[in-house]
Amino acid sequence: MRMKMKSIGLLVCWSLLLTVMGSASVSAAPLKTYVYDPAGLLTAAEQETLEEKAQAVSKLVCADLVILTVPEAQGGMSVSALEAYADDFYDDHAFGYQQAHGDGMVFCLDLTARRYHFSTSGAVEDYFTEGRFADLDDAVVSSLSEGRYADAFSAYLSYMEENYYNPHEHVPLARRFAHACARLPIIIAFSFGGSALITWLLVRRSKTRATVNADTYLSQGTFSLNDCHDYYIGQFTTRTPIARATGGGGAGHHTSGGGFSHGGHSGSF
Amino acid sequence: MDETKVFQCPHCGSALTYDAEKDRLACDKCLSTFDPEEVFDGEDPVTAATVEVTDEDVRTSDETESESTPVQAFHCEACGAEILTDENTTATFCSFCGSPNVMPAQMIGRFRPAKLIPFRISKAEATIAFRKWCRNGRFMPAHFASAHELEKITGLYVPYWLFDASAVCSYRAHATNVRFYRLGNYEYTTTRRYAIRRAGSMTFEKIPADGSKRLDDHEMDLLEPYDYTRMVDFKMPYLSGFHAEKFDVSASDNLQRLKDRVAAFARGKIEETIGGYTTVSAENFTAKVQNVEAQYVLLPVWIHSYRYRGQTYRFLMNAQTGKVVGKPPLDKARLVLCFLGIALGLAALFFLGGMFLL
């Protein structure tokens with residue numbers, strides 16, 4: 001009995017020691033910073049809120065979501081220069097969820113050039129198609145135009161929270177559920193609209209249509225035309241220039257100066 | 001008080017009724033059958049007369065309504081009981097002995113039809129069709145298709161006017177042909193404009209228009225077409241076993257309705273001759289309807305009227321071709337339940353889609 005008590009006590013001590021060591025190692029792990037604002041576009045409070053949100057969303061989606069502003073001194077970059085700036089920043093800081101140069105994304109804003117760039121890496125690079133970049137543009141552009149930069153960065157994080165998943169990994173059920181819940185208003189609207197349409201069609205189906213026409217009662221051989229003329233009056237031609245597609249530019253897959261693969265998409269506001 | 005006519009079996013004396021499936025008068029008791037053409041109906045056969053209809057013949061509604069008394073009394077030939085009918089009934093059943101009664105006194109002179117199409121669909125077939133129609137109407141009240149309601153389906157010879165008319169018409173329209181093409185950095189649209197002129201004539205035969213005020217004109221139009229090749233000269237024995245009515249809307253009162261239909265048909269025929277344009281917009285269409293002649297006939301219809309929440313709904317069936325017409329009553333509770341059920345199903349489907357189609 002005594003031996004048993006002793007061994008239980010030893011086991012408890014051992015587990016406590018392990019727990020303390022474990023927590024020490026976790027707290028010792030340096031926390032990454034996700035929000036970089038050398039341009040000073042954000043207040044301290046905004047920066048703090050965004051940092052918290054970026055930490056949480058990055059953890060949720062398993063990808064580093066970085067926010068970066070270009071200092072005024074370096075501002076006014078071209079599309080390609082902004083792309084290189086964002087790629088290099090990502091590479092230099094060795095972002096990537098739980099591994100260097102892994103899955104992640106940088107939202108880089110150059111206010112002087114009124115231009116932004118999304119630099120994607122790893123699984124995030126594979127996830128983003130032109131269509132998804134267009135959706136992301138829609139989410140951030142209005143806030144940027146109105147000078148609400150914190151809102152734009154927050155919208156970017158929210159977009160990633162609601163939409164992004166790693167295309168190469170199994171998505172947890174809770175994440176899928178949250179994804180569907182975020183679309184509940186649209187789901188309800190479409191369900192009611194679709195149901196109204198189906199019900200209307202079901203009610204309408206029971207109505208009878210007329211099955212007679214002129215031929216039903218026309219006496220055979222009595223139809224005759226004594227005037228049948230189509231007169232040409234004239235013509236007019238209009239000319240419109242063909243609209244050429246004008247995108248944000250700079251999008252697509254490429255290799256950065258550091259030798260790492262990146263995707264990207266630029267836009268202006 | 002006028003006598004009715006009950007067609008009795010020469011073998012057993014029971015009442016004879018017209019059997020749609022056998023196309024003969026049949027006796028339920030001794031199972032004998034007789035050719036309706038050979039059964040004496042008490043009157044000399046009349047030839048199919050036609051009447052010419054002109055605008056001068058059109059009467060006002062006051063003139064039409066002051067013609068006869070609303071209730072008529074007859075003696076059933078089988079049991080002698082008094083049968084009270086409305087002014088337009090020409091064939092019915094005795095409410096005491098159930099015998100099929102035909103009222104010859106109601107079909108004298110201009111009220112005697114020239115021709116009729118006999119029933120081809122029996123009551124059993126009409127009942128099956130009604131059940132099927134009810135199955136399609138998911139939002140009907142549950143008791144609408146009950147056995148009690150099915151019993152109320154009635155075979156009715158509806159008074160009809162068959163019109164012959166010719167139309168002389170002219171048609172003017174503007175048409176365009178639009179062509180798109182690209183050249184260099186520009187897209188060109190060339191629109192060619194045309195003036196369309198058409199004039200022609202045509203003759204229509206046997207356009208039906210019902211001669212009953214009680215029946216809805218639109219619903220009766222939807223029952224068409226009838227196959228006139230099966231039309232026979234009018235003989236009273238065909239009415240035995242069905243309800244029948246005489247007209248209370250004359251041919252001349254139907255004239256405007258006929259003109260509108262002829263004009264619509266004529267316009268359709270003219271427009272068929274215009275083709276190959278991107279757009280056609282009519283400017284002017286005139287149709288002169290002339291040489292209108294009408295023939296008074298009886299056409300067979302299975303009918304069931306239903307009162308629901310203060311409104312009358314009708315099930316109508318062309319008793320020759322089986323075509324069904326009718327607006328079923330809507331049970332709002334069923335409608336709402338169905339709507340919510342579908343909405344819930346769709347929501348579940350979309351939600352699952354949202355979960356798994358990331």
# chains A, B, ... in the order shown; residues from 1 in each chain; ligands from 1
call {"tool": "interface_residues", "arguments": {"of": "chain B", "to": "chain A", "cutoff": "6 Å", "atoms": "only C-alpha atoms", "output": "PyMOL selection string"}}
result
chain B and resi 185-205+222+265+325+339+342-343+346-347+351+354-355
call {"tool": "select_by_dssp", "arguments": {"residues": "stretch 68-296 of chain B", "states": "helix (DSSP H, G or I)", "output": "ChimeraX atom specification"}}
result
/B:104-106,109-111,123-136,142-145,147-150,217-222,228-230,236-239,252-271
call {"tool": "residues_around", "arguments": {"residues": "stretch 70-78 of chain B", "least_positions_apart": "6", "cutoff": "10 Å", "atoms": "only C-alpha atoms", "output": "ChimeraX atom specification"}}
result
/B:1-8,13-15,84-89,93-103,105-106
call {"tool": "write_last_selection", "arguments": {"atoms": "N, CA, C and O atoms", "output": "short mmCIF file (atom, residue, chain, number, x, y, z; two decimals), in the first residue's frame"}}
result
data_model
loop_
_atom_site.label_atom_id
_atom_site.label_comp_id
_atom_site.auth_asym_id
_atom_site.auth_seq_id
_atom_site.Cartn_x
_atom_site.Cartn_y
_atom_site.Cartn_z
N MET B 1 -98.44 22.08 -68.07
CA MET B 1 -97.05 21.68 -67.80
C MET B 1 -96.57 20.69 -68.87
O MET B 1 -97.30 19.76 -69.21
N ASP B 2 -95.39 20.95 -69.42
CA ASP B 2 -94.88 20.10 -70.50
C ASP B 2 -94.43 18.74 -69.99
O ASP B 2 -94.01 18.59 -68.84
N GLU B 3 -94.53 17.77 -70.89
CA GLU B 3 -94.05 16.44 -70.56
C GLU B 3 -92.57 16.32 -70.94
O GLU B 3 -92.10 17.03 -71.83
N THR B 4 -91.88 15.42 -70.25
CA THR B 4 -90.50 15.14 -70.63
C THR B 4 -90.51 13.87 -71.48
O THR B 4 -91.54 13.22 -71.64
N LYS B 5 -89.34 13.54 -71.99
CA LYS B 5 -89.21 12.32 -72.77
C LYS B 5 -88.21 11.41 -72.06
O LYS B 5 -87.08 11.83 -71.77
N VAL B 6 -88.66 10.20 -71.69
CA VAL B 6 -87.74 9.20 -71.13
C VAL B 6 -87.66 8.08 -72.16
O VAL B 6 -88.68 7.49 -72.53
N PHE B 7 -86.44 7.81 -72.65
CA PHE B 7 -86.28 6.76 -73.66
C PHE B 7 -86.27 5.41 -72.95
O PHE B 7 -85.37 5.15 -72.14
N GLN B 8 -87.30 4.61 -73.24
CA GLN B 8 -87.46 3.35 -72.51
C GLN B 8 -87.05 2.17 -73.36
O GLN B 8 -87.22 2.18 -74.59
N GLY B 13 -88.67 -2.02 -70.53
CA GLY B 13 -89.33 -0.78 -70.11
C GLY B 13 -88.48 0.11 -69.22
O GLY B 13 -88.91 1.18 -68.81
N SER B 14 -87.23 -0.30 -68.92
CA SER B 14 -86.35 0.55 -68.09
C SER B 14 -85.82 1.72 -68.92
O SER B 14 -85.86 1.68 -70.16
N ALA B 15 -85.31 2.71 -68.21
CA ALA B 15 -84.79 3.89 -68.92
C ALA B 15 -83.48 3.55 -69.63
O ALA B 15 -82.63 2.85 -69.09
N LEU B 84 -88.46 20.41 -61.51
CA LEU B 84 -88.23 21.85 -61.68
C LEU B 84 -86.81 22.05 -62.17
O LEU B 84 -85.85 21.52 -61.60
N THR B 85 -86.67 22.77 -63.24
CA THR B 85 -85.33 23.01 -63.78
C THR B 85 -85.18 24.51 -64.06
O THR B 85 -86.18 25.23 -64.04
N ASP B 86 -83.95 24.93 -64.34
CA ASP B 86 -83.82 26.34 -64.73
C ASP B 86 -84.21 26.46 -66.21
O ASP B 86 -84.43 25.47 -66.90
N GLU B 87 -84.28 27.70 -66.66
CA GLU B 87 -84.84 27.97 -67.97
C GLU B 87 -84.05 27.36 -69.12
O GLU B 87 -84.57 27.19 -70.22
N ASN B 88 -82.78 27.01 -68.91
CA ASN B 88 -81.95 26.55 -70.02
C ASN B 88 -81.79 25.04 -70.09
O ASN B 88 -81.19 24.52 -71.02
N THR B 89 -82.29 24.32 -69.06
CA THR B 89 -82.07 22.87 -69.03
C THR B 89 -82.88 22.18 -70.13
O THR B 89 -84.07 22.43 -70.30
N PHE B 93 -82.02 14.68 -64.82
CA PHE B 93 -82.48 13.43 -64.20
C PHE B 93 -83.64 13.76 -63.26
O PHE B 93 -83.64 14.83 -62.64
N CYS B 94 -84.60 12.85 -63.15
CA CYS B 94 -85.72 13.05 -62.22
C CYS B 94 -85.18 12.84 -60.81
O CYS B 94 -84.55 11.81 -60.52
N SER B 95 -85.44 13.80 -59.92
CA SER B 95 -84.89 13.67 -58.57
C SER B 95 -85.65 12.63 -57.75
O SER B 95 -85.21 12.28 -56.67
N PHE B 96 -86.79 12.14 -58.25
CA PHE B 96 -87.56 11.13 -57.50
C PHE B 96 -87.21 9.72 -57.94
O PHE B 96 -86.91 8.87 -57.12
N CYS B 97 -87.23 9.49 -59.26
CA CYS B 97 -86.98 8.11 -59.72
C CYS B 97 -85.61 7.96 -60.38
O CYS B 97 -85.18 6.85 -60.69
N GLY B 98 -84.91 9.04 -60.60
CA GLY B 98 -83.55 8.98 -61.17
C GLY B 98 -83.54 8.76 -62.67
O GLY B 98 -82.46 8.59 -63.25
N SER B 99 -84.69 8.72 -63.32
CA SER B 99 -84.72 8.46 -64.77
C SER B 99 -84.13 9.63 -65.55
O SER B 99 -84.34 10.79 -65.19
N PRO B 100 -83.39 9.31 -66.61
CA PRO B 100 -82.86 10.39 -67.46
C PRO B 100 -83.99 10.99 -68.29
O PRO B 100 -84.66 10.27 -69.03
N ASN B 101 -84.23 12.27 -68.12
CA ASN B 101 -85.32 12.96 -68.81
C ASN B 101 -84.78 13.94 -69.83
O ASN B 101 -83.85 14.69 -69.54
N VAL B 102 -85.38 13.94 -71.00
CA VAL B 102 -85.05 14.92 -72.03
C VAL B 102 -86.30 15.79 -72.23
O VAL B 102 -87.43 15.28 -72.20
N MET B 103 -86.13 17.11 -72.37
CA MET B 103 -87.28 18.01 -72.51
C MET B 103 -87.41 18.47 -73.96
O MET B 103 -86.82 19.47 -74.35
N ALA B 105 -89.73 20.03 -75.37
CA ALA B 105 -90.33 21.36 -75.48
C ALA B 105 -89.29 22.47 -75.40
O ALA B 105 -89.53 23.59 -75.84
N GLN B 106 -88.16 22.15 -74.83
CA GLN B 106 -87.09 23.15 -74.69
C GLN B 106 -86.22 23.23 -75.94
O GLN B 106 -85.31 24.05 -76.00
#
call {"tool": "residues_around", "arguments": {"residues": "stretch 36-45 of chain A", "least_positions_apart": "4", "cutoff": "6 Å", "atoms": "only C-alpha atoms", "output": "CSV table (one decimal) with C-alpha atoms, in the first residue's frame"}}
result
chain,number,residue,atom,x,y,z
A,67,ILE,CA,0.8,43.3,-42.9
A,68,LEU,CA,3.5,45.7,-44.2
A,69,THR,CA,3.5,49.4,-45.1
A,70,VAL,CA,6.3,51.0,-47.2
A,71,PRO,CA,8.0,54.0,-45.5
A,72,GLU,CA,7.5,57.3,-47.2
call {"tool": "residues_around", "arguments": {"residues": "stretch 292-303 of chain B", "least_positions_apart": "2", "cutoff": "8 Å", "atoms": "only C-alpha atoms", "output": "ChimeraX atom specification"}}
result
/B:48-54,112-119,123,126,153-166,234,251,289-290,305,314-320
call {"tool": "write_last_selection", "arguments": {"atoms": "N, CA and C atoms", "output": "short mmCIF file (atom, residue, chain, number, x, y, z; two decimals), in the first residue's frame"}}
result
data_model
loop_
_atom_site.label_atom_id
_atom_site.label_comp_id
_atom_site.auth_asym_id
_atom_site.auth_seq_id
_atom_site.Cartn_x
_atom_site.Cartn_y
_atom_site.Cartn_z
N ALA B 48 -78.97 20.17 -90.81
CA ALA B 48 -78.07 21.11 -90.13
C ALA B 48 -78.24 22.51 -90.72
N ALA B 49 -78.95 23.34 -90.02
CA ALA B 49 -79.21 24.70 -90.52
C ALA B 49 -78.10 25.63 -90.07
N THR B 50 -77.77 26.62 -90.88
CA THR B 50 -76.82 27.64 -90.47
C THR B 50 -77.51 28.99 -90.51
N VAL B 51 -77.11 29.89 -89.67
CA VAL B 51 -77.69 31.23 -89.66
C VAL B 51 -76.60 32.24 -89.99
N GLU B 52 -76.98 33.23 -90.79
CA GLU B 52 -76.03 34.28 -91.11
C GLU B 52 -76.04 35.29 -89.97
N VAL B 53 -74.88 35.73 -89.53
CA VAL B 53 -74.81 36.65 -88.38
C VAL B 53 -74.20 37.96 -88.84
N THR B 54 -74.90 39.05 -88.59
CA THR B 54 -74.38 40.37 -88.94
C THR B 54 -74.39 41.26 -87.71
N ARG B 112 -83.43 24.11 -81.28
CA ARG B 112 -83.08 22.72 -81.61
C ARG B 112 -81.71 22.72 -82.28
N PRO B 113 -80.75 22.05 -81.67
CA PRO B 113 -79.39 22.04 -82.24
C PRO B 113 -79.37 21.32 -83.59
N ALA B 114 -78.45 21.74 -84.43
CA ALA B 114 -78.31 21.10 -85.74
C ALA B 114 -77.52 19.80 -85.61
N LYS B 115 -76.47 19.86 -84.81
CA LYS B 115 -75.60 18.68 -84.69
C LYS B 115 -75.10 18.53 -83.26
N LEU B 116 -74.47 17.43 -82.99
CA LEU B 116 -73.78 17.27 -81.70
C LEU B 116 -72.63 16.29 -81.85
N ILE B 117 -71.71 16.36 -80.90
CA ILE B 117 -70.64 15.35 -80.82
C ILE B 117 -70.98 14.49 -79.61
N PRO B 118 -71.19 13.17 -79.80
CA PRO B 118 -71.54 12.33 -78.65
C PRO B 118 -70.37 12.19 -77.67
N PHE B 119 -70.69 11.85 -76.42
CA PHE B 119 -69.65 11.61 -75.42
C PHE B 119 -68.77 10.44 -75.85
N LYS B 123 -68.01 8.15 -67.72
CA LYS B 123 -67.88 8.77 -66.39
C LYS B 123 -66.72 8.14 -65.62
N ALA B 126 -63.61 9.67 -66.86
CA ALA B 126 -63.53 11.06 -66.39
C ALA B 126 -63.12 11.11 -64.92
N ILE B 153 -69.27 14.64 -60.43
CA ILE B 153 -68.87 14.92 -61.81
C ILE B 153 -70.07 14.67 -62.74
N THR B 154 -70.34 15.68 -63.54
CA THR B 154 -71.56 15.65 -64.35
C THR B 154 -71.22 15.71 -65.83
N GLY B 155 -71.93 14.90 -66.61
CA GLY B 155 -71.79 14.96 -68.06
C GLY B 155 -72.75 16.01 -68.60
N LEU B 156 -72.23 16.99 -69.30
CA LEU B 156 -73.08 18.10 -69.75
C LEU B 156 -72.88 18.35 -71.25
N TYR B 157 -73.99 18.42 -71.98
CA TYR B 157 -73.94 18.87 -73.37
C TYR B 157 -74.02 20.39 -73.35
N VAL B 158 -72.93 21.03 -73.72
CA VAL B 158 -72.86 22.50 -73.66
C VAL B 158 -73.29 23.08 -75.01
N PRO B 159 -74.17 24.09 -74.99
CA PRO B 159 -74.55 24.72 -76.26
C PRO B 159 -73.38 25.52 -76.83
N TYR B 160 -73.10 25.29 -78.06
CA TYR B 160 -71.99 25.97 -78.74
C TYR B 160 -72.46 26.55 -80.06
N TRP B 161 -71.82 27.61 -80.49
CA TRP B 161 -71.97 28.12 -81.85
C TRP B 161 -70.68 27.80 -82.60
N LEU B 162 -70.85 27.20 -83.78
CA LEU B 162 -69.68 26.96 -84.63
C LEU B 162 -69.72 27.98 -85.76
N PHE B 163 -68.73 28.86 -85.78
CA PHE B 163 -68.74 29.96 -86.74
C PHE B 163 -67.85 29.68 -87.93
N ASP B 164 -68.35 30.04 -89.10
CA ASP B 164 -67.52 30.11 -90.31
C ASP B 164 -67.37 31.60 -90.60
N ALA B 165 -66.16 32.04 -90.93
CA ALA B 165 -65.96 33.46 -91.21
C ALA B 165 -64.73 33.64 -92.07
N SER B 166 -64.71 34.70 -92.83
CA SER B 166 -63.50 35.01 -93.59
C SER B 166 -62.94 36.34 -93.12
N PHE B 234 -78.21 16.06 -84.90
CA PHE B 234 -78.78 16.03 -83.55
C PHE B 234 -79.93 15.03 -83.47
N ALA B 251 -75.84 33.65 -81.16
CA ALA B 251 -74.71 33.76 -82.09
C ALA B 251 -74.30 35.21 -82.27
N VAL B 289 -63.66 41.22 -90.66
CA VAL B 289 -64.24 39.87 -90.56
C VAL B 289 -65.61 39.90 -91.23
N GLN B 290 -65.83 39.02 -92.20
CA GLN B 290 -67.08 39.05 -92.96
C GLN B 290 -67.57 37.63 -93.26
N SER B 305 -68.06 21.34 -60.35
CA SER B 305 -67.89 22.66 -59.71
C SER B 305 -67.67 22.46 -58.21
N ARG B 314 -63.68 25.15 -61.00
CA ARG B 314 -64.25 24.17 -61.91
C ARG B 314 -63.20 23.22 -62.45
N PHE B 315 -63.62 21.96 -62.55
CA PHE B 315 -62.84 20.96 -63.29
C PHE B 315 -63.64 20.70 -64.56
N LEU B 316 -63.03 20.88 -65.70
CA LEU B 316 -63.72 20.67 -66.97
C LEU B 316 -62.91 19.69 -67.81
N MET B 317 -63.63 18.83 -68.51
CA MET B 317 -62.93 17.89 -69.38
C MET B 317 -63.65 17.79 -70.71
N ASN B 318 -62.88 17.94 -71.78
CA ASN B 318 -63.41 17.71 -73.11
C ASN B 318 -63.78 16.23 -73.18
N ALA B 319 -65.10 15.94 -73.25
CA ALA B 319 -65.54 14.53 -73.16
C ALA B 319 -65.35 13.78 -74.46
N GLN B 320 -64.74 14.42 -75.44
CA GLN B 320 -64.39 13.71 -76.67
C GLN B 320 -62.90 13.37 -76.71
#
call {"tool": "residues_around", "arguments": {"residues": "B:Ala266", "least_positions_apart": "3", "cutoff": "9 Å", "atoms": "only C-alpha atoms", "output": "list in words"}}
result
Ala214 of chain A; Ala167, Val168, Cys169, Ser201, Met202, Arg261, Val262, Ala263, Lys269, Ile270, Glu271 and Ala287 of chain B
call {"tool": "write_last_selection", "arguments": {"atoms": "N, CA, C and O atoms", "output": "compact mmCIF listing (two decimals), in the first residue's frame"}}
result
# COMPACT_ATOMS: atom_id res chain seq x y z
N ALA A 214 -54.30 29.25 -85.45
CA ALA A 214 -55.01 29.60 -86.68
C ALA A 214 -55.19 28.38 -87.58
O ALA A 214 -56.25 28.20 -88.20
N ALA B 167 -61.65 36.53 -93.31
CA ALA B 167 -60.99 37.75 -92.85
C ALA B 167 -60.16 38.34 -93.99
O ALA B 167 -59.45 37.61 -94.69
N VAL B 168 -60.30 39.64 -94.16
CA VAL B 168 -59.46 40.36 -95.12
C VAL B 168 -58.60 41.29 -94.29
O VAL B 168 -59.13 42.11 -93.53
N CYS B 169 -57.27 41.15 -94.40
CA CYS B 169 -56.45 41.92 -93.47
C CYS B 169 -55.24 42.56 -94.13
O CYS B 169 -54.79 42.12 -95.20
N SER B 201 -56.11 37.40 -97.42
CA SER B 201 -57.42 36.96 -96.94
C SER B 201 -57.37 35.47 -96.62
O SER B 201 -56.49 34.76 -97.11
N MET B 202 -58.30 35.07 -95.81
CA MET B 202 -58.37 33.65 -95.42
C MET B 202 -59.74 33.35 -94.86
O MET B 202 -60.47 34.27 -94.45
N ARG B 261 -61.22 36.77 -82.08
CA ARG B 261 -60.47 35.51 -82.29
C ARG B 261 -60.00 35.39 -83.72
O ARG B 261 -58.85 35.01 -83.97
N VAL B 262 -60.87 35.70 -84.65
CA VAL B 262 -60.51 35.61 -86.07
C VAL B 262 -59.35 36.56 -86.37
O VAL B 262 -58.38 36.20 -87.05
N ALA B 263 -59.44 37.79 -85.81
CA ALA B 263 -58.38 38.77 -86.05
C ALA B 263 -57.05 38.26 -85.49
O ALA B 263 -55.99 38.40 -86.13
N LYS B 269 -51.30 34.14 -88.76
CA LYS B 269 -50.98 33.59 -90.09
C LYS B 269 -50.13 34.56 -90.89
O LYS B 269 -49.18 34.16 -91.56
N ILE B 270 -50.48 35.86 -90.82
CA ILE B 270 -49.72 36.87 -91.56
C ILE B 270 -48.28 36.93 -91.03
O ILE B 270 -47.32 36.97 -91.79
N GLU B 271 -48.15 36.93 -89.70
CA GLU B 271 -46.81 37.05 -89.10
C GLU B 271 -45.94 35.83 -89.41
O GLU B 271 -44.71 35.93 -89.39
N ALA B 287 -58.16 43.95 -89.60
CA ALA B 287 -58.79 42.74 -90.13
C ALA B 287 -60.28 42.98 -90.24
O ALA B 287 -60.93 43.38 -89.26
call {"tool": "select_by_dssp", "arguments": {"residues": "stretch 210-278 of chain B", "states": "strand (DSSP E or B)", "output": "ChimeraX atom specification"}}
result
/B:210,232-233,243-245
call {"tool": "write_last_selection", "arguments": {"atoms": "N, CA, C and O atoms", "output": "PDB file, in the first residue's frame"}}
result
ATOM      1  N   ASP B 210     -68.876  29.129 -76.919  1.00  0.00           N
ATOM      2  CA  ASP B 210     -69.963  28.541 -76.130  1.00  0.00           C
ATOM      3  C   ASP B 210     -71.124  29.517 -75.998  1.00  0.00           C
ATOM      4  O   ASP B 210     -70.931  30.736 -75.966  1.00  0.00           O
ATOM      5  N   VAL B 232     -72.357  14.339 -85.365  1.00  0.00           N
ATOM      6  CA  VAL B 232     -73.520  13.679 -85.994  1.00  0.00           C
ATOM      7  C   VAL B 232     -74.709  14.639 -85.959  1.00  0.00           C
ATOM      8  O   VAL B 232     -74.704  15.616 -85.212  1.00  0.00           O
ATOM      9  N   ASP B 233     -75.724  14.351 -86.784  1.00  0.00           N
ATOM     10  CA  ASP B 233     -76.949  15.151 -86.733  1.00  0.00           C
ATOM     11  C   ASP B 233     -77.588  14.998 -85.363  1.00  0.00           C
ATOM     12  O   ASP B 233     -77.534  13.921 -84.755  1.00  0.00           O
ATOM     13  N   HIS B 243     -76.766  15.688 -68.652  1.00  0.00           N
ATOM     14  CA  HIS B 243     -77.432  16.981 -68.543  1.00  0.00           C
ATOM     15  C   HIS B 243     -77.197  17.714 -69.857  1.00  0.00           C
ATOM     16  O   HIS B 243     -76.178  17.502 -70.513  1.00  0.00           O
ATOM     17  N   ALA B 244     -78.134  18.563 -70.222  1.00  0.00           N
ATOM     18  CA  ALA B 244     -77.956  19.361 -71.442  1.00  0.00           C
ATOM     19  C   ALA B 244     -78.610  20.716 -71.233  1.00  0.00           C
ATOM     20  O   ALA B 244     -79.538  20.858 -70.431  1.00  0.00           O
ATOM     21  N   GLU B 245     -78.092  21.697 -71.942  1.00  0.00           N
ATOM     22  CA  GLU B 245     -78.639  23.046 -71.825  1.00  0.00           C
ATOM     23  C   GLU B 245     -78.880  23.626 -73.201  1.00  0.00           C
ATOM     24  O   GLU B 245     -78.236  23.210 -74.168  1.00  0.00           O
TER      25      GLU B 245
END
call {"tool": "atom_distance", "arguments": {"atom1": "atom CA of A:Val57", "atom2": "atom CA of A:Ser266"}}
result
22.4 Å
call {"tool": "residues_around", "arguments": {"residues": "B:Lys213", "least_positions_apart": "3", "cutoff": "10 Å", "atoms": "only C-alpha atoms", "output": "PDB file with N, CA, C and O atoms, in the first residue's frame"}}
result
ATOM      1  N   ASP B 210     -68.876  29.129 -76.919  1.00  0.00           N
ATOM      2  CA  ASP B 210     -69.963  28.541 -76.130  1.00  0.00           C
ATOM      3  C   ASP B 210     -71.124  29.517 -75.998  1.00  0.00           C
ATOM      4  O   ASP B 210     -70.931  30.736 -75.966  1.00  0.00           O
ATOM      5  N   ASP B 216     -67.334  29.932 -68.105  1.00  0.00           N
ATOM      6  CA  ASP B 216     -66.316  30.940 -68.384  1.00  0.00           C
ATOM      7  C   ASP B 216     -65.783  30.763 -69.818  1.00  0.00           C
ATOM      8  O   ASP B 216     -65.368  29.664 -70.199  1.00  0.00           O
ATOM      9  N   ASP B 217     -65.821  31.854 -70.580  1.00  0.00           N
ATOM     10  CA  ASP B 217     -65.421  31.777 -71.998  1.00  0.00           C
ATOM     11  C   ASP B 217     -63.981  31.298 -72.156  1.00  0.00           C
ATOM     12  O   ASP B 217     -63.679  30.477 -73.020  1.00  0.00           O
ATOM     13  N   PHE B 247     -78.929  27.307 -75.481  1.00  0.00           N
ATOM     14  CA  PHE B 247     -78.097  28.517 -75.397  1.00  0.00           C
ATOM     15  C   PHE B 247     -78.826  29.681 -74.737  1.00  0.00           C
ATOM     16  O   PHE B 247     -80.044  29.812 -74.878  1.00  0.00           O
ATOM     17  N   ASP B 248     -78.108  30.486 -74.004  1.00  0.00           N
ATOM     18  CA  ASP B 248     -78.640  31.761 -73.523  1.00  0.00           C
ATOM     19  C   ASP B 248     -77.744  32.920 -73.962  1.00  0.00           C
ATOM     20  O   ASP B 248     -77.933  34.053 -73.540  1.00  0.00           O
ATOM     21  N   VAL B 249     -76.730  32.590 -74.777  1.00  0.00           N
ATOM     22  CA  VAL B 249     -75.939  33.631 -75.448  1.00  0.00           C
ATOM     23  C   VAL B 249     -76.069  33.332 -76.934  1.00  0.00           C
ATOM     24  O   VAL B 249     -75.641  32.263 -77.393  1.00  0.00           O
TER      25      VAL B 249
END
call {"tool": "atom_distance", "arguments": {"atom1": "atom CA of A:Val140", "atom2": "atom CA of A:Leu109"}}
result
11.2 Å
call {"tool": "closest_residue", "arguments": {"among": "B:Lys323, B:Arg120, B:Lys259, B:Arg179", "to": "B:Met220", "atoms": "only C-alpha atoms"}}
result
B:Lys323
call {"tool": "atom_distance", "arguments": {"atom1": "atom CA of A:Ser154", "atom2": "atom CA of A:Thr120"}}
result
17.5 Å
